[in-house]
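**Q** Next up, target-v6.pdb (PDB, C-alpha atoms).
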ATOM      1  CA  MET A   1    -123.144  80.932 -21.854  1.00  0.00           C
ATOM      2  CA  ALA A   2    -120.300  79.382 -19.847  1.00  0.00           C
ATOM      3  CA  HIS A   3    -118.111  81.719 -17.816  1.00  0.00           C
ATOM      4  CA  PRO A   4    -115.016  82.515 -19.930  1.00  0.00           C
ATOM      5  CA  PHE A   5    -112.575  82.373 -16.979  1.00  0.00           C
ATOM      6  CA  VAL A   6    -111.352  79.759 -14.534  1.00  0.00           C
ATOM      7  CA  SER A   7    -111.553  81.090 -10.982  1.00  0.00           C
ATOM      8  CA  LEU A   8    -108.207  81.222  -9.148  1.00  0.00           C
ATOM      9  CA  THR A   9    -107.126  81.901  -5.587  1.00  0.00           C
ATOM     10  CA  PRO A  10    -106.383  85.656  -5.274  1.00  0.00           C
ATOM     11  CA  GLY A  11    -102.696  86.433  -5.641  1.00  0.00           C
ATOM     12  CA  THR A  12    -100.129  88.611  -7.372  1.00  0.00           C
ATOM     13  CA  LEU A  13    -101.239  87.792 -10.907  1.00  0.00           C
ATOM     14  CA  LEU A  14    -100.406  91.214 -12.355  1.00  0.00           C
ATOM     15  CA  ALA A  15     -97.710  90.770 -14.991  1.00  0.00           C
ATOM     16  CA  PRO A  16     -95.386  91.599 -16.561  1.00  0.00           C
ATOM     17  CA  VAL A  17     -93.752  94.015 -14.144  1.00  0.00           C
ATOM     18  CA  PRO A  18     -90.463  95.913 -14.279  1.00  0.00           C
ATOM     19  CA  ALA A  19     -87.418  94.145 -12.887  1.00  0.00           C
ATOM     20  CA  VAL A  20     -85.179  96.741 -11.242  1.00  0.00           C
ATOM     21  CA  MET A  21     -82.218  97.022  -8.923  1.00  0.00           C
ATOM     22  CA  VAL A  22     -82.750  99.389  -6.014  1.00  0.00           C
ATOM     23  CA  SER A  23     -79.588 100.809  -4.501  1.00  0.00           C
ATOM     24  CA  CYS A  24     -79.447 102.262  -1.008  1.00  0.00           C
ATOM     25  CA  ALA A  25     -76.894 103.335   1.582  1.00  0.00           C
ATOM     26  CA  LEU A  26     -76.369 104.823   5.019  1.00  0.00           C
ATOM     27  CA  PRO A  27     -73.630 107.424   5.612  1.00  0.00           C
ATOM     28  CA  GLY A  28     -70.247 105.825   6.212  1.00  0.00           C
ATOM     29  CA  GLN A  29     -71.396 102.345   5.179  1.00  0.00           C
ATOM     30  CA  LYS A  30     -71.054 100.314   2.008  1.00  0.00           C
ATOM     31  CA  PRO A  31     -73.994 100.724  -0.386  1.00  0.00           C
ATOM     32  CA  ASN A  32     -76.282  97.805  -1.100  1.00  0.00           C
ATOM     33  CA  ILE A  33     -78.485  96.607  -3.948  1.00  0.00           C
ATOM     34  CA  VAL A  34     -81.808  94.792  -3.683  1.00  0.00           C
ATOM     35  CA  THR A  35     -83.678  93.405  -6.669  1.00  0.00           C
ATOM     36  CA  ILE A  36     -87.319  94.498  -6.722  1.00  0.00           C
ATOM     37  CA  ALA A  37     -90.209  93.421  -8.916  1.00  0.00           C
ATOM     38  CA  TRP A  38     -92.877  95.316  -6.960  1.00  0.00           C
ATOM     39  CA  ALA A  39     -92.055  98.794  -8.283  1.00  0.00           C
ATOM     40  CA  GLY A  40     -94.149 101.310 -10.146  1.00  0.00           C
ATOM     41  CA  THR A  41     -95.044 104.847 -11.141  1.00  0.00           C
ATOM     42  CA  ILE A  42     -97.691 106.331  -8.840  1.00  0.00           C
ATOM     43  CA  ASN A  43     -97.892 110.045  -9.676  1.00  0.00           C
ATOM     44  CA  SER A  44     -96.943 112.477 -12.442  1.00  0.00           C
ATOM     45  CA  ASP A  45     -96.830 115.870 -10.730  1.00  0.00           C
ATOM     46  CA  PRO A  46     -94.732 115.654  -8.663  1.00  0.00           C
ATOM     47  CA  PRO A  47     -93.120 112.579 -10.209  1.00  0.00           C
ATOM     48  CA  MET A  48     -93.338 109.722  -7.716  1.00  0.00           C
ATOM     49  CA  CYS A  49     -92.530 106.010  -7.631  1.00  0.00           C
ATOM     50  CA  SER A  50     -93.124 103.197  -5.187  1.00  0.00           C
ATOM     51  CA  ILE A  51     -91.281 100.063  -4.157  1.00  0.00           C
ATOM     52  CA  SER A  52     -92.460  97.262  -1.877  1.00  0.00           C
ATOM     53  CA  VAL A  53     -89.825  95.582   0.292  1.00  0.00           C
ATOM     54  CA  ARG A  54     -90.088  92.696   2.731  1.00  0.00           C
ATOM     55  CA  LYS A  55     -89.220  93.686   6.302  1.00  0.00           C
ATOM     56  CA  GLU A  56     -86.612  90.938   6.573  1.00  0.00           C
ATOM     57  CA  ARG A  57     -84.616  92.191   3.584  1.00  0.00           C
ATOM     58  CA  PHE A  58     -81.331  93.837   4.533  1.00  0.00           C
ATOM     59  CA  SER A  59     -82.165  96.880   2.407  1.00  0.00           C
ATOM     60  CA  HIS A  60     -85.495  97.491   4.153  1.00  0.00           C
ATOM     61  CA  ASP A  61     -84.018  99.191   7.208  1.00  0.00           C
ATOM     62  CA  ILE A  62     -81.418 101.036   5.142  1.00  0.00           C
ATOM     63  CA  ILE A  63     -84.150 102.607   3.012  1.00  0.00           C
ATOM     64  CA  ARG A  64     -86.324 103.323   6.053  1.00  0.00           C
ATOM     65  CA  ASP A  65     -83.482 104.928   8.031  1.00  0.00           C
ATOM     66  CA  SER A  66     -81.888 106.845   5.131  1.00  0.00           C
ATOM     67  CA  GLY A  67     -85.189 108.015   3.664  1.00  0.00           C
ATOM     68  CA  GLU A  68     -84.031 107.464   0.098  1.00  0.00           C
ATOM     69  CA  PHE A  69     -83.601 104.871  -2.628  1.00  0.00           C
ATOM     70  CA  VAL A  70     -82.410 104.752  -6.232  1.00  0.00           C
ATOM     71  CA  ILE A  71     -84.311 102.708  -8.821  1.00  0.00           C
ATOM     72  CA  ASN A  72     -81.934 101.424 -11.494  1.00  0.00           C
ATOM     73  CA  LEU A  73     -83.610 100.192 -14.669  1.00  0.00           C
ATOM     74  CA  CYS A  74     -81.895  97.072 -15.965  1.00  0.00           C
ATOM     75  CA  GLY A  75     -80.854  96.085 -19.442  1.00  0.00           C
ATOM     76  CA  GLN A  76     -80.062  92.588 -20.630  1.00  0.00           C
ATOM     77  CA  GLU A  77     -76.369  93.145 -19.913  1.00  0.00           C
ATOM     78  CA  GLN A  78     -77.124  93.594 -16.193  1.00  0.00           C
ATOM     79  CA  LEU A  79     -79.596  90.697 -15.933  1.00  0.00           C
ATOM     80  CA  LYS A  80     -77.285  88.143 -14.299  1.00  0.00           C
ATOM     81  CA  GLY A  81     -76.129  90.697 -11.750  1.00  0.00           C
ATOM     82  CA  MET A  82     -79.693  91.746 -11.054  1.00  0.00           C
ATOM     83  CA  ASP A  83     -80.686  88.140 -10.400  1.00  0.00           C
ATOM     84  CA  PHE A  84     -77.651  87.708  -8.128  1.00  0.00           C
ATOM     85  CA  CYS A  85     -78.684  90.781  -6.129  1.00  0.00           C
ATOM     86  CA  GLY A  86     -82.104  89.211  -5.614  1.00  0.00           C
ATOM     87  CA  VAL A  87     -80.864  85.922  -4.169  1.00  0.00           C
ATOM     88  CA  LYS A  88     -77.885  87.114  -2.103  1.00  0.00           C
ATOM     89  CA  SER A  89     -78.125  89.209   1.069  1.00  0.00           C
ATOM     90  CA  GLY A  90     -76.207  92.400   1.651  1.00  0.00           C
ATOM     91  CA  ARG A  91     -75.660  91.245   5.227  1.00  0.00           C
ATOM     92  CA  ASP A  92     -72.799  89.055   4.064  1.00  0.00           C
ATOM     93  CA  THR A  93     -72.140  90.078   0.441  1.00  0.00           C
ATOM     94  CA  ASP A  94     -70.828  93.296  -1.082  1.00  0.00           C
ATOM     95  CA  LYS A  95     -73.065  93.132  -4.144  1.00  0.00           C
ATOM     96  CA  PHE A  96     -71.427  96.026  -5.988  1.00  0.00           C
ATOM     97  CA  ALA A  97     -68.049  94.282  -5.730  1.00  0.00           C
ATOM     98  CA  ALA A  98     -69.399  90.789  -6.410  1.00  0.00           C
ATOM     99  CA  CYS A  99     -71.155  91.908  -9.608  1.00  0.00           C
ATOM    100  CA  GLY A 100     -68.466  94.311 -10.766  1.00  0.00           C
ATOM    101  CA  PHE A 101     -70.912  97.204 -10.613  1.00  0.00           C
ATOM    102  CA  ALA A 102     -69.666 100.760 -10.135  1.00  0.00           C
ATOM    103  CA  PRO A 103     -71.410 102.893  -7.473  1.00  0.00           C
ATOM    104  CA  VAL A 104     -71.919 106.295  -9.116  1.00  0.00           C
ATOM    105  CA  PRO A 105     -72.659 109.293  -6.854  1.00  0.00           C
ATOM    106  CA  VAL A 106     -76.084 110.902  -7.210  1.00  0.00           C
ATOM    107  CA  PRO A 107     -76.210 114.634  -6.348  1.00  0.00           C
ATOM    108  CA  GLY A 108     -77.839 115.183  -2.963  1.00  0.00           C
ATOM    109  CA  PHE A 109     -78.113 111.464  -2.174  1.00  0.00           C
ATOM    110  CA  THR A 110     -76.110 109.056  -0.059  1.00  0.00           C
ATOM    111  CA  ALA A 111     -77.289 106.107  -2.161  1.00  0.00           C
ATOM    112  CA  PRO A 112     -75.382 105.730  -5.439  1.00  0.00           C
ATOM    113  CA  ALA A 113     -76.698 104.704  -8.823  1.00  0.00           C
ATOM    114  CA  VAL A 114     -75.499 101.530 -10.528  1.00  0.00           C
ATOM    115  CA  GLY A 115     -73.131 102.843 -13.177  1.00  0.00           C
ATOM    116  CA  GLU A 116     -73.725 100.064 -15.676  1.00  0.00           C
ATOM    117  CA  CYS A 117     -77.511 100.476 -15.777  1.00  0.00           C
ATOM    118  CA  PRO A 118     -79.174 102.409 -18.602  1.00  0.00           C
ATOM    119  CA  LEU A 119     -81.194 104.802 -16.420  1.00  0.00           C
ATOM    120  CA  TYR A 120     -81.836 105.632 -12.779  1.00  0.00           C
ATOM    121  CA  LEU A 121     -84.463 107.461 -10.702  1.00  0.00           C
ATOM    122  CA  ALA A 122     -83.347 108.724  -7.290  1.00  0.00           C
ATOM    123  CA  CYS A 123     -86.257 108.991  -4.858  1.00  0.00           C
ATOM    124  CA  ARG A 124     -86.792 110.632  -1.468  1.00  0.00           C
ATOM    125  CA  VAL A 125     -89.128 108.643   0.773  1.00  0.00           C
ATOM    126  CA  THR A 126     -92.344 110.528   1.513  1.00  0.00           C
ATOM    127  CA  SER A 127     -94.188 107.809   3.428  1.00  0.00           C
ATOM    128  CA  VAL A 128     -94.048 104.156   4.434  1.00  0.00           C
ATOM    129  CA  GLN A 129     -97.133 101.972   4.639  1.00  0.00           C
ATOM    130  CA  GLU A 130     -97.134  98.562   6.312  1.00  0.00           C
ATOM    131  CA  LEU A 131     -99.105  96.180   4.123  1.00  0.00           C
ATOM    132  CA  GLY A 132     -98.409  92.684   5.451  1.00  0.00           C
ATOM    133  CA  SER A 133     -95.617  90.723   3.814  1.00  0.00           C
ATOM    134  CA  HIS A 134     -94.158  93.969   2.428  1.00  0.00           C
ATOM    135  CA  ASP A 135     -93.793  97.611   3.401  1.00  0.00           C
ATOM    136  CA  LEU A 136     -94.679 100.104   0.685  1.00  0.00           C
ATOM    137  CA  PHE A 137     -92.213 102.981   0.282  1.00  0.00           C
ATOM    138  CA  LEU A 138     -93.531 105.988  -1.614  1.00  0.00           C
ATOM    139  CA  GLY A 139     -90.838 108.234  -3.023  1.00  0.00           C
ATOM    140  CA  LYS A 140     -90.601 111.550  -4.822  1.00  0.00           C
ATOM    141  CA  VAL A 141     -88.268 111.435  -7.819  1.00  0.00           C
ATOM    142  CA  GLU A 142     -85.636 114.121  -7.219  1.00  0.00           C
ATOM    143  CA  GLN A 143     -82.865 113.101  -9.620  1.00  0.00           C
ATOM    144  CA  MET A 144     -82.736 111.095 -12.842  1.00  0.00           C
ATOM    145  CA  GLY A 145     -79.854 109.994 -15.010  1.00  0.00           C
ATOM    146  CA  VAL A 146     -79.455 108.260 -18.356  1.00  0.00           C
ATOM    147  CA  ARG A 147     -76.433 106.809 -20.139  1.00  0.00           C
ATOM    148  CA  PRO A 148     -75.240 109.314 -22.776  1.00  0.00           C
ATOM    149  CA  ASP A 149     -75.311 106.714 -25.558  1.00  0.00           C
ATOM    150  CA  LEU A 150     -79.083 106.358 -25.125  1.00  0.00           C
ATOM    151  CA  ILE A 151     -79.781 109.982 -26.101  1.00  0.00           C
ATOM    152  CA  ASP A 152     -80.584 110.325 -29.808  1.00  0.00           C
ATOM    153  CA  GLU A 153     -79.889 113.301 -32.096  1.00  0.00           C
ATOM    154  CA  ALA A 154     -83.246 114.849 -31.144  1.00  0.00           C
ATOM    155  CA  GLY A 155     -82.427 114.697 -27.430  1.00  0.00           C
ATOM    156  CA  ARG A 156     -84.868 111.845 -26.735  1.00  0.00           C
ATOM    157  CA  ILE A 157     -84.163 108.636 -24.846  1.00  0.00           C
ATOM    158  CA  ASP A 158     -83.818 105.657 -27.176  1.00  0.00           C
ATOM    159  CA  PHE A 159     -85.370 102.964 -24.984  1.00  0.00           C
ATOM    160  CA  GLY A 160     -84.721 100.350 -27.655  1.00  0.00           C
ATOM    161  CA  LYS A 161     -80.983 100.706 -27.077  1.00  0.00           C
ATOM    162  CA  ALA A 162     -81.511 100.251 -23.340  1.00  0.00           C
ATOM    163  CA  ARG A 163     -82.659  96.640 -23.932  1.00  0.00           C
ATOM    164  CA  LEU A 164     -84.794  96.707 -20.787  1.00  0.00           C
ATOM    165  CA  VAL A 165     -86.062  93.511 -19.188  1.00  0.00           C
ATOM    166  CA  ALA A 166     -89.350  92.544 -17.541  1.00  0.00           C
ATOM    167  CA  TYR A 167     -90.318  89.982 -14.889  1.00  0.00           C
ATOM    168  CA  ASN A 168     -93.209  87.566 -15.298  1.00  0.00           C
ATOM    169  CA  HIS A 169     -93.902  85.135 -12.449  1.00  0.00           C
ATOM    170  CA  GLY A 170     -90.386  83.902 -11.823  1.00  0.00           C
ATOM    171  CA  ASN A 171     -88.973  84.452 -15.305  1.00  0.00           C
ATOM    172  CA  TYR A 172     -87.158  87.345 -16.991  1.00  0.00           C
ATOM    173  CA  TYR A 173     -88.085  88.473 -20.496  1.00  0.00           C
ATOM    174  CA  ALA A 174     -86.666  90.860 -23.055  1.00  0.00           C
ATOM    175  CA  LEU A 175     -89.079  93.504 -24.273  1.00  0.00           C
ATOM    176  CA  GLY A 176     -90.316  92.529 -27.703  1.00  0.00           C
ATOM    177  CA  GLU A 177     -91.695  94.139 -30.825  1.00  0.00           C
ATOM    178  CA  ALA A 178     -93.224  97.611 -30.545  1.00  0.00           C
ATOM    179  CA  LEU A 179     -96.949  97.270 -31.226  1.00  0.00           C
ATOM    180  CA  GLY A 180     -98.232 100.827 -30.931  1.00  0.00           C
ATOM    181  CA  PHE A 181     -97.956 104.138 -29.088  1.00  0.00           C
ATOM    182  CA  PHE A 182    -100.202 106.074 -26.750  1.00  0.00           C
ATOM    183  CA  GLY A 183    -103.142 107.340 -28.805  1.00  0.00           C
ATOM    184  CA  TYR A 184    -102.441 105.189 -31.862  1.00  0.00           C
ATOM    185  CA  SER A 185    -106.043 103.941 -31.906  1.00  0.00           C
ATOM    186  CA  VAL A 186    -107.288 107.429 -32.811  1.00  0.00           C
ATOM    187  CA  ALA A 187    -104.254 108.767 -34.718  1.00  0.00           C
ATOM    188  CA  ALA A 188    -104.598 110.197 -38.204  1.00  0.00           C
ATOM    189  CA  PRO A 189    -103.418 107.741 -40.888  1.00  0.00           C
ATOM    190  CA  ASP A 190    -100.319 109.778 -41.794  1.00  0.00           C
ATOM    191  CA  VAL A 191     -99.332 110.148 -38.130  1.00  0.00           C
ATOM    192  CA  LEU A 192     -99.931 106.462 -37.517  1.00  0.00           C
ATOM    193  CA  GLU A 193     -97.753 105.466 -40.475  1.00  0.00           C
ATOM    194  CA  ARG A 194     -94.927 107.821 -39.524  1.00  0.00           C
ATOM    195  CA  ARG A 195     -94.893 106.915 -35.839  1.00  0.00           C
ATOM    196  CA  MET A 196     -95.092 103.176 -36.457  1.00  0.00           C
ATOM    197  CA  LYS A 197     -92.139 103.416 -38.851  1.00  0.00           C
ATOM    198  CA  GLN A 198     -90.202 105.214 -36.123  1.00  0.00           C
ATOM    199  CA  LEU A 199     -91.133 102.542 -33.605  1.00  0.00           C
ATOM    200  CA  LYS A 200     -90.166  99.684 -35.902  1.00  0.00           C
ATOM    201  CA  SER A 201     -86.822 101.317 -36.659  1.00  0.00           C
ATOM    202  CA  GLY A 202     -86.138 101.831 -32.958  1.00  0.00           C
ATOM    203  CA  LYS A 203     -86.007 105.620 -33.281  1.00  0.00           C
TER     204      LYS A 203
END
Can the structure from this file be put into structure tokens for me?
**A**
Amino acid sequence: MAHPFVSLTPGTLLAPVPAVMVSCALPGQKPNIVTIAWAGTINSDPPMCSISVRKERFSHDIIRDSGEFVINLCGQEQLKGMDFCGVKSGRDTDKFAACGFAPVPVPGFTAPAVGECPLYLACRVTSVQELGSHDLFLGKVEQMGVRPDLIDEAGRIDFGKARLVAYNHGNYYALGEALGFFGYSVAAPDVLERRMKQLKSGK
């Protein structure tokens, strides 16, 4: 039997990944935004996230020296601004002003959240690991915020309304049709039917 795959040079093939804006700041200085695709959840208890940032990025030293960062999840409405924040440098551009984004204070943090984004996770840096092209910042999630209009009548976050975007090898994509939920492969028929109806309706 022929091998079912074509062998490729090792690289960052993992996709899709979240496309996020990471805001950061030092006391007394203007806040900055860097667009990050290398971000992820790394632990549940305590809740922790990671971001990988190139050393030459303006935000790298701000995050290292402040010991904090705020991950702002992006909806389709923020996509153009998010792309702008990925190609422009905070060394010579006030990205909040250029994009018309509002810096919203986060309790206990110098770094603000991006007011227009659907949700944010404010993280305290617990460690930094030098990897090569990037440094990996591990952070404990200490604050989270969500736009009030995304909370449904049951008090749950309606992620469908957030219209989140993903990044896939140089291109941005809208999240598509809901296909299932965690545990759907073993769910009882009545549970499966009810939950899938909820997913399809966006509730």
**Q** When the PyMOL selection byres ((chain A and resi 156-168) around 6) is applied to the structure above, which residues does it catch, written out as a VMD selection string?
**A** chain A and resid 15 to 19 74 to 76 118 150 to 152 154 to 155 169 to 175 202
**Q** Counting all atoms listed in the file, what is within 9 Å of A:Ala113, bar same-chain residues fewer than 3 positions away, as a PyMOL selection string?
**A** chain A and resi 22-24+70-72+102-106+116-117+119-122+145
**Q** Give me the residues near A:Arg124 as a PyMOL selection string, where near means some atom within 9 Å (using all atoms listed in the file) and where sequence neighbours in that chain fewer than 4 positions away do not count.
**A** chain A and resi 67-70+109+138-142
**Q** Report as a VMD selection string the full result of the PyMOL selection byres ((chain A and resi 100) around 12) when it is applied to this structure.
**A** chain A and resid 78 80 to 82 84 to 85 94 to 99 101 to 103 114 to 116
**Q** Could you check which residues have any atom within 9 Å of (-76.7, 107.5, 3.1), counting all atoms listed in the file with coordinates taken straight from the file, and then list them as an MDAnalysis selection string?
**A** chainID A and resid 24:29 31 62:63 65:68 109:112
**Q** Which is closest to A:Thr93 among A:Val6, A:Ile33, A:Leu192, A:Met144, if we use all atoms listed in the file?
**A**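 So, comparing all the options, the nearest one is A:Ile33.
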**Q** What lies within 8 Å of A:Ile51 using all atoms listed in the file, ignoring chain neighbours under 3 positions off, as number ranges by chain?
**A** A: 36, 38-40, 136-138
**Q** Just give me the gap between atom CA of A:Ser133 and atom CA of A:Ala37 in Å, one decimal is fine.
**A** 14.1 Å
**Q** Rounded to one decimal place, report the atom CA of A:Lys30-atom CA of A:Pro47 distance in Å.
**A**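 Taking atom CA of A:Lys30 as the start and atom CA of A:Pro47 as the end point, the length is 28.0 Å.
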**Q** Contacts of A:Arg194 at 12 Å or less, counting all atoms listed in the file, minus same-chain residues fewer than 5 places along, as an mmCIF file with C-alpha atoms, in the frame of the given file?
**A**
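That gives us out35.cif:
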data_model
loop_
_atom_site.group_PDB
_atom_site.id
_atom_site.type_symbol
_atom_site.label_atom_id
_atom_site.label_comp_id
_atom_site.auth_asym_id
_atom_site.auth_seq_id
_atom_site.Cartn_x
_atom_site.Cartn_y
_atom_site.Cartn_z
ATOM 1 C CA GLY A 180 -98.232 100.827 -30.931
ATOM 2 C CA PHE A 181 -97.956 104.138 -29.088
ATOM 3 C CA TYR A 184 -102.441 105.189 -31.862
ATOM 4 C CA ALA A 187 -104.254 108.767 -34.718
ATOM 5 C CA ALA A 188 -104.598 110.197 -38.204
ATOM 6 C CA PRO A 189 -103.418 107.741 -40.888
ATOM 7 C CA LEU A 199 -91.133 102.542 -33.605
ATOM 8 C CA LYS A 200 -90.166 99.684 -35.902
ATOM 9 C CA SER A 201 -86.822 101.317 -36.659
ATOM 10 C CA LYS A 203 -86.007 105.620 -33.281
#
**Q** Using all atoms listed in the file for the distances, tell me which of A:Ser89, A:Gln198, A:Ser50, A:Ser185 is nearest to A:Thr35.
**A**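 Counting all atoms listed in the file, the residue closest to A:Thr35 is A:Ser89.
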**Q** Taking only C-alpha atoms into account, which of A:Gln143, A:Leu131, A:Glu56, A:Gly86 comes nearest A:Pro107?
**A**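 Between A:Gln143, A:Leu131, A:Glu56, A:Gly86, the residue approaching A:Pro107 most closely is A:Gln143.
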**Q** Could the centre and edge lengths of an axis-aligned box, enclosing all atoms of stretch 94-98 of chain A in the file with 5 Å extra on each side, be given in Å to one decimal as JSON?
**A**
{"center_x": -70.6, "center_y": 93.4, "center_z": -3.7, "size_x": 15.0, "size_y": 15.2, "size_z": 15.3}
**Q** So how far away is atom CA of A:Val191 from atom CA of A:Val146, in Å?
**A**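 Separation between atom CA of A:Val146 and atom CA of A:Val191: 28.1 Å.
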